[in-house]
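See below for entry.pdb, which holds PDB, C-alpha atoms.
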```pdb
ATOM      1  CA  MET F   1     160.673 153.016  38.682
ATOM      2  CA  ASN F   2     163.934 151.153  38.879
ATOM      3  CA  SER F   3     164.448 147.632  40.181
ATOM      4  CA  LYS F   4     165.852 148.864  43.506
ATOM      5  CA  LYS F   5     162.535 150.553  44.342
ATOM      6  CA  TYR F   6     160.642 147.369  43.427
ATOM      7  CA  LEU F   7     162.878 145.352  45.706
ATOM      8  CA  ILE F   8     162.422 147.811  48.564
ATOM      9  CA  LYS F   9     158.643 147.719  48.187
ATOM     10  CA  ALA F  10     158.646 143.914  47.943
ATOM     11  CA  GLY F  11     160.762 143.753  51.099
ATOM     12  CA  LEU F  12     158.477 146.165  52.960
ATOM     13  CA  ILE F  13     155.379 144.241  51.910
ATOM     14  CA  SER F  14     156.959 140.920  52.901
ATOM     15  CA  ALA F  15     157.989 142.329  56.265
ATOM     16  CA  TYR F  16     154.524 143.718  56.891
ATOM     17  CA  VAL F  17     152.819 140.455  55.908
ATOM     18  CA  LEU F  18     154.980 138.595  58.425
ATOM     19  CA  PHE F  19     154.348 141.263  61.081
ATOM     20  CA  HIS F  20     150.610 141.142  60.464
ATOM     21  CA  ILE F  21     150.343 137.351  60.565
ATOM     22  CA  TYR F  22     152.726 136.567  63.404
ATOM     23  CA  LEU F  23     152.411 139.606  65.675
ATOM     24  CA  LEU F  24     149.295 141.639  64.942
ATOM     25  CA  ARG F  25     146.811 138.771  64.539
ATOM     26  CA  PRO F  26     147.607 137.219  67.953
ATOM     27  CA  VAL F  27     147.311 140.645  69.585
ATOM     28  CA  ARG F  28     143.915 141.179  67.927
ATOM     29  CA  THR F  29     142.783 137.758  69.130
ATOM     30  CA  ALA F  30     143.899 138.561  72.694
ATOM     31  CA  VAL F  31     142.064 141.905  72.588
ATOM     32  CA  PHE F  32     138.891 140.166  71.418
ATOM     33  CA  GLN F  33     139.162 137.530  74.159
ATOM     34  CA  PHE F  34     139.592 140.344  76.682
ATOM     35  CA  GLN F  35     136.563 142.205  75.323
ATOM     36  CA  VAL F  36     134.219 139.223  75.210
ATOM     37  CA  ASP F  37     135.089 137.223  78.284
ATOM     38  CA  GLU F  38     132.679 134.662  79.754
ATOM     39  CA  ASP F  39     131.056 137.187  82.124
ATOM     40  CA  PHE F  40     130.319 139.498  79.211
ATOM     41  CA  ILE F  41     128.816 136.714  77.094
ATOM     42  CA  GLU F  42     126.703 135.511  80.004
ATOM     43  CA  SER F  43     125.371 138.995  80.754
ATOM     44  CA  ILE F  44     124.420 139.533  77.103
ATOM     45  CA  ASN F  45     122.740 136.149  76.722
ATOM     46  CA  GLU F  46     120.776 136.650  79.955
ATOM     47  CA  SER F  47     119.410 139.983  78.770
ATOM     48  CA  GLU F  48     115.971 140.182  77.226
ATOM     49  CA  GLY F  49     115.943 140.133  73.443
ATOM     50  CA  LEU F  50     119.717 140.192  72.966
ATOM     51  CA  SER F  51     122.011 137.288  72.151
ATOM     52  CA  PHE F  52     125.689 136.973  71.294
ATOM     53  CA  GLN F  53     127.579 134.652  68.974
ATOM     54  CA  LYS F  54     131.262 134.370  68.197
ATOM     55  CA  LEU F  55     131.588 133.702  64.482
ATOM     56  CA  ASP F  56     135.357 133.642  64.498
ATOM     57  CA  ILE F  57     138.216 134.272  66.886
ATOM     58  CA  ARG F  58     137.938 138.011  66.138
ATOM     59  CA  LEU F  59     134.329 138.418  64.897
ATOM     60  CA  ALA F  60     131.059 138.568  66.816
ATOM     61  CA  VAL F  61     127.385 139.104  66.096
ATOM     62  CA  PHE F  62     124.839 140.525  68.476
ATOM     63  CA  GLU F  63     121.250 139.642  67.609
ATOM     64  CA  TYR F  64     118.434 141.793  68.933
ATOM     65  CA  THR F  65     114.875 140.538  68.681
ATOM     66  CA  LYS F  66     111.801 142.135  70.154
ATOM     67  CA  ASP F  67     108.253 141.713  68.889
ATOM     68  CA  ASP F  68     108.576 141.662  65.081
ATOM     69  CA  VAL F  69     111.908 143.509  65.015
ATOM     70  CA  GLU F  70     115.156 141.671  64.390
ATOM     71  CA  LYS F  71     118.481 143.444  64.046
ATOM     72  CA  LEU F  72     122.000 142.076  63.719
ATOM     73  CA  PHE F  73     124.983 144.066  64.989
ATOM     74  CA  PHE F  74     128.460 143.025  63.877
ATOM     75  CA  TYR F  75     131.779 143.617  65.556
ATOM     76  CA  LYS F  76     135.206 142.796  64.208
ATOM     77  CA  VAL F  77     138.402 143.792  65.960
ATOM     78  CA  PRO F  78     140.143 146.664  64.105
ATOM     79  CA  PHE F  79     143.552 146.281  62.450
ATOM     80  CA  GLY F  80     142.222 143.374  60.380
ATOM     81  CA  SER F  81     141.955 142.642  56.676
ATOM     82  CA  PHE F  82     140.981 146.172  55.629
ATOM     83  CA  PHE F  83     143.900 147.583  57.611
ATOM     84  CA  PHE F  84     146.127 144.990  55.941
ATOM     85  CA  LEU F  85     144.942 146.085  52.470
ATOM     86  CA  GLY F  86     145.352 149.743  53.407
ATOM     87  CA  ILE F  87     148.952 149.290  54.527
ATOM     88  CA  ILE F  88     149.827 147.235  51.446
ATOM     89  CA  GLY F  89     148.190 149.858  49.210
ATOM     90  CA  LEU F  90     150.097 152.683  50.886
ATOM     91  CA  ILE F  91     153.365 150.805  50.449
ATOM     92  CA  LEU F  92     152.640 150.120  46.774
ATOM     93  CA  ILE F  93     151.888 153.749  45.948
ATOM     94  CA  GLY F  94     154.826 155.021  47.979
ATOM     95  CA  ALA F  95     152.697 157.111  50.336
ATOM     96  CA  ASP F  96     154.140 159.629  52.761
ATOM     97  CA  ALA F  97     154.617 158.413  56.323
ATOM     98  CA  LYS F  98     151.822 160.656  57.597
ATOM     99  CA  PHE F  99     149.236 158.562  55.744
ATOM    100  CA  PHE F 100     150.421 155.452  57.551
ATOM    101  CA  GLY F 101     149.978 157.474  60.739
ATOM    102  CA  ILE F 102     146.457 158.479  59.709
ATOM    103  CA  LEU F 103     145.523 154.861  59.058
ATOM    104  CA  ILE F 104     147.018 153.612  62.320
ATOM    105  CA  SER F 105     145.369 156.469  64.243
ATOM    106  CA  ALA F 106     141.953 155.759  62.712
ATOM    107  CA  HIS F 107     142.089 152.092  63.667
ATOM    108  CA  GLY F 108     143.464 153.005  67.097
ATOM    109  CA  PHE F 109     140.485 155.346  67.549
ATOM    110  CA  ILE F 110     138.098 152.521  66.598
ATOM    111  CA  LEU F 111     139.839 150.139  69.000
ATOM    112  CA  LEU F 112     139.709 152.667  71.837
ATOM    113  CA  TRP F 113     136.002 153.302  71.350
ATOM    114  CA  SER F 114     135.247 149.592  71.120
ATOM    115  CA  LEU F 115     137.090 149.033  74.410
ATOM    116  CA  ILE F 116     135.038 151.821  76.001
ATOM    117  CA  ILE F 117     131.787 150.408  74.622
ATOM    118  CA  PHE F 118     132.586 146.886  75.803
ATOM    119  CA  SER F 119     133.224 148.256  79.296
ATOM    120  CA  MET F 120     129.663 149.642  79.405
ATOM    121  CA  ASP F 121     126.380 147.793  79.813
ATOM    122  CA  ILE F 122     125.540 147.075  76.169
ATOM    123  CA  ALA F 123     122.436 145.086  77.091
ATOM    124  CA  GLN F 124     120.858 148.187  78.632
ATOM    125  CA  ASN F 125     121.808 150.613  75.878
ATOM    126  CA  LEU F 126     121.345 149.396  72.304
ATOM    127  CA  MET F 127     122.719 152.672  70.930
ATOM    128  CA  LEU F 128     126.144 151.375  71.964
ATOM    129  CA  LEU F 129     125.652 148.415  69.631
ATOM    130  CA  HIS F 130     124.714 150.774  66.803
ATOM    131  CA  ILE F 131     127.934 152.720  67.401
ATOM    132  CA  LEU F 132     130.005 149.533  67.602
ATOM    133  CA  ASP F 133     128.441 148.227  64.387
ATOM    134  CA  PHE F 134     129.084 151.545  62.605
ATOM    135  CA  LEU F 135     132.719 151.657  63.699
ATOM    136  CA  SER F 136     133.388 148.074  62.682
ATOM    137  CA  THR F 137     131.288 147.816  59.528
ATOM    138  CA  TYR F 138     131.777 151.253  57.990
ATOM    139  CA  LEU F 139     134.508 153.364  59.600
ATOM    140  CA  ALA F 140     137.245 150.704  59.656
ATOM    141  CA  PRO F 141     136.939 149.835  55.929
ATOM    142  CA  LEU F 142     136.450 153.475  54.926
ATOM    143  CA  SER F 143     139.516 154.645  56.816
ATOM    144  CA  ALA F 144     141.673 151.790  55.513
ATOM    145  CA  LEU F 145     140.665 152.029  51.882
ATOM    146  CA  GLY F 146     139.986 155.768  51.832
ATOM    147  CA  VAL F 147     143.493 156.726  52.902
ATOM    148  CA  ILE F 148     144.928 155.342  49.637
ATOM    149  CA  PRO F 149     143.141 157.749  47.250
ATOM    150  CA  LEU F 150     143.684 160.528  49.787
ATOM    151  CA  SER F 151     147.415 159.843  49.625
ATOM    152  CA  LEU F 152     147.358 159.745  45.825
ATOM    153  CA  TYR F 153     145.511 163.057  45.749
ATOM    154  CA  TYR F 154     148.048 164.554  48.136
ATOM    155  CA  LYS F 155     150.922 163.286  45.970
ATOM    156  CA  ARG F 156     149.287 164.770  42.881
ATOM    157  CA  LEU F 157     148.828 168.162  44.529
ATOM    158  CA  HIS F 158     152.322 168.098  45.990
ATOM    159  CA  HIS F 159     153.888 166.984  42.703
ATOM    160  CA  SER F 160     152.081 169.597  40.606
ATOM    161  CA  SER F 161     153.026 172.432  42.964
ATOM    162  CA  THR F 162     156.774 171.744  42.682
TER     163      THR F 162
END
```
Would you encode the structure as structure tokens?
Amino acid sequence: MNSKKYLIKAGLISAYVLFHIYLLRPVRTAVFQFQVDEDFIESINESEGLSFQKLDIRLAVFEYTKDDVEKLFFYKVPFGSFFFLGIIGLILIGADAKFFGILISAHGFILLWSLIIFSMDIAQNLMLLHILDFLSTYLAPLSALGVIPLSLYYKRLHHSST
């Protein structure tokens, strides 16, 4: 790879880092504040066996306790650190634009479902917390980090067929 390609990639990465820090992070924080407003927190904390804690400005933990059962459910707003690593990885390997679209779509899907779940009565339906925890803990990292090898595999297949 010549120096021009390195400079282009360095410029793209620098631009994305600035975008992520100065534009995307505040939007994620605003989304989280919208999702977990005071009424929501109060309704969760008043429910039997369920409590809510903000661990960060974009991270929350729901704790369910009943009898001898204790379960923690985590939620982190999508488009975070795993998304950041996924975008940087895609830039570094020179992925096709469609893989950026796949990554953005996956995190958009997670965000949409989290908005739907937060609009429902979580205290009355713990399955919603299981879904929220799965989306945040497993699907977001898998989609962000899984798209990189998928893109490399695609490039290998595409390169060998030409």
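The closest residue to Ala15 in chain F, picked from F:Val61, F:Ile88, F:Gln33, F:Ser47 and counting all atoms listed in the file, is F:Ile88.
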*With only C-alpha atoms as the basis for distance, which of F:Ala144, F:Ala123, F:Leu128, F:Leu7 is at the shortest distance from Ser81 in chain F?*
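Ranking F:Ala144, F:Ala123, F:Leu128, F:Leu7 by distance to Ser81 in chain F, first place goes to F:Ala144.
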*Out of F:Ser51, F:Ser119, F:Ser151, F:Asn45, which residue has the shortest atom-to-atom distance to Lys98 in chain F when counting all atoms listed in the file?*
F:Ser151
Around all of range 156-160 of chain F's listed atoms, make the axis-aligned box with 5 Å on each side and tell me centre and edge lengths in Å to one decimal, as AutoDock Vina command-line options.
```
--center_x 151.4 --center_y 167.2 --center_z 43.3 --size_x 15.1 --size_y 14.8 --size_z 15.4
```
*On this file, the PyMOL selection byres ((chain F and resi 147) around 12) gives some set of residues; write that set as a PyMOL selection string.*
chain F and resi 82-83+85-91+93+95-107+139-146+148-154
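Atom to atom, CA of Ile110 in chain F and CA of Leu135 in chain F stand 6.2 Å apart.
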*Can you list, as a ChimeraX atom specification, every protein, DNA or RNA residue that comes within 10 Å of Ile41 in chain F when you count only C-alpha atoms, leaving out same-chain residues fewer than 3 positions away?*
/F:35-38,44-46,51-54
_One number please: CA of Asp133 in chain F to CA of Thr29 in chain F, in Å, one decimal._
18.4 Å
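Computed from the coordinates, the CA of Phe79 in chain F to CA of Arg58 in chain F distance equals 10.7 Å.
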*Check the smallest atom-to-atom distance from each of F:Val27, F:His158, F:Asp39, F:Thr137 to Lys76 in chain F using all atoms listed in the file, then report the winner.*
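That would be F:Thr137, the residue with the smallest distance to Lys76 in chain F.
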*Mind checking which residues fall within 10 Å of Leu115 in chain F, counting all atoms listed in the file, ignoring those fewer than 6 positions away in the same chain, and posting them as a ChimeraX atom specification?*
/F:31-32,34-35,109,132
Please enumerate the residues selected by the PyMOL selection byres ((chain F and resi 70-73) around 10) when evaluated against the supplied file, formatted as a PDB file with C-alpha atoms, in the frame of the given file.
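Output file part-v8.pdb is given in full below:
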```
ATOM      1  CA  GLY F  49     115.943 140.133  73.443  1.00  0.00           C
ATOM      2  CA  LEU F  50     119.717 140.192  72.966  1.00  0.00           C
ATOM      3  CA  SER F  51     122.011 137.288  72.151  1.00  0.00           C
ATOM      4  CA  PHE F  52     125.689 136.973  71.294  1.00  0.00           C
ATOM      5  CA  ALA F  60     131.059 138.568  66.816  1.00  0.00           C
ATOM      6  CA  VAL F  61     127.385 139.104  66.096  1.00  0.00           C
ATOM      7  CA  PHE F  62     124.839 140.525  68.476  1.00  0.00           C
ATOM      8  CA  GLU F  63     121.250 139.642  67.609  1.00  0.00           C
ATOM      9  CA  TYR F  64     118.434 141.793  68.933  1.00  0.00           C
ATOM     10  CA  THR F  65     114.875 140.538  68.681  1.00  0.00           C
ATOM     11  CA  LYS F  66     111.801 142.135  70.154  1.00  0.00           C
ATOM     12  CA  ASP F  67     108.253 141.713  68.889  1.00  0.00           C
ATOM     13  CA  ASP F  68     108.576 141.662  65.081  1.00  0.00           C
ATOM     14  CA  VAL F  69     111.908 143.509  65.015  1.00  0.00           C
ATOM     15  CA  PHE F  74     128.460 143.025  63.877  1.00  0.00           C
ATOM     16  CA  TYR F  75     131.779 143.617  65.556  1.00  0.00           C
ATOM     17  CA  LEU F 126     121.345 149.396  72.304  1.00  0.00           C
ATOM     18  CA  LEU F 129     125.652 148.415  69.631  1.00  0.00           C
ATOM     19  CA  HIS F 130     124.714 150.774  66.803  1.00  0.00           C
ATOM     20  CA  ILE F 131     127.934 152.720  67.401  1.00  0.00           C
ATOM     21  CA  LEU F 132     130.005 149.533  67.602  1.00  0.00           C
ATOM     22  CA  ASP F 133     128.441 148.227  64.387  1.00  0.00           C
ATOM     23  CA  PHE F 134     129.084 151.545  62.605  1.00  0.00           C
ATOM     24  CA  SER F 136     133.388 148.074  62.682  1.00  0.00           C
ATOM     25  CA  THR F 137     131.288 147.816  59.528  1.00  0.00           C
TER      26      THR F 137
END
```
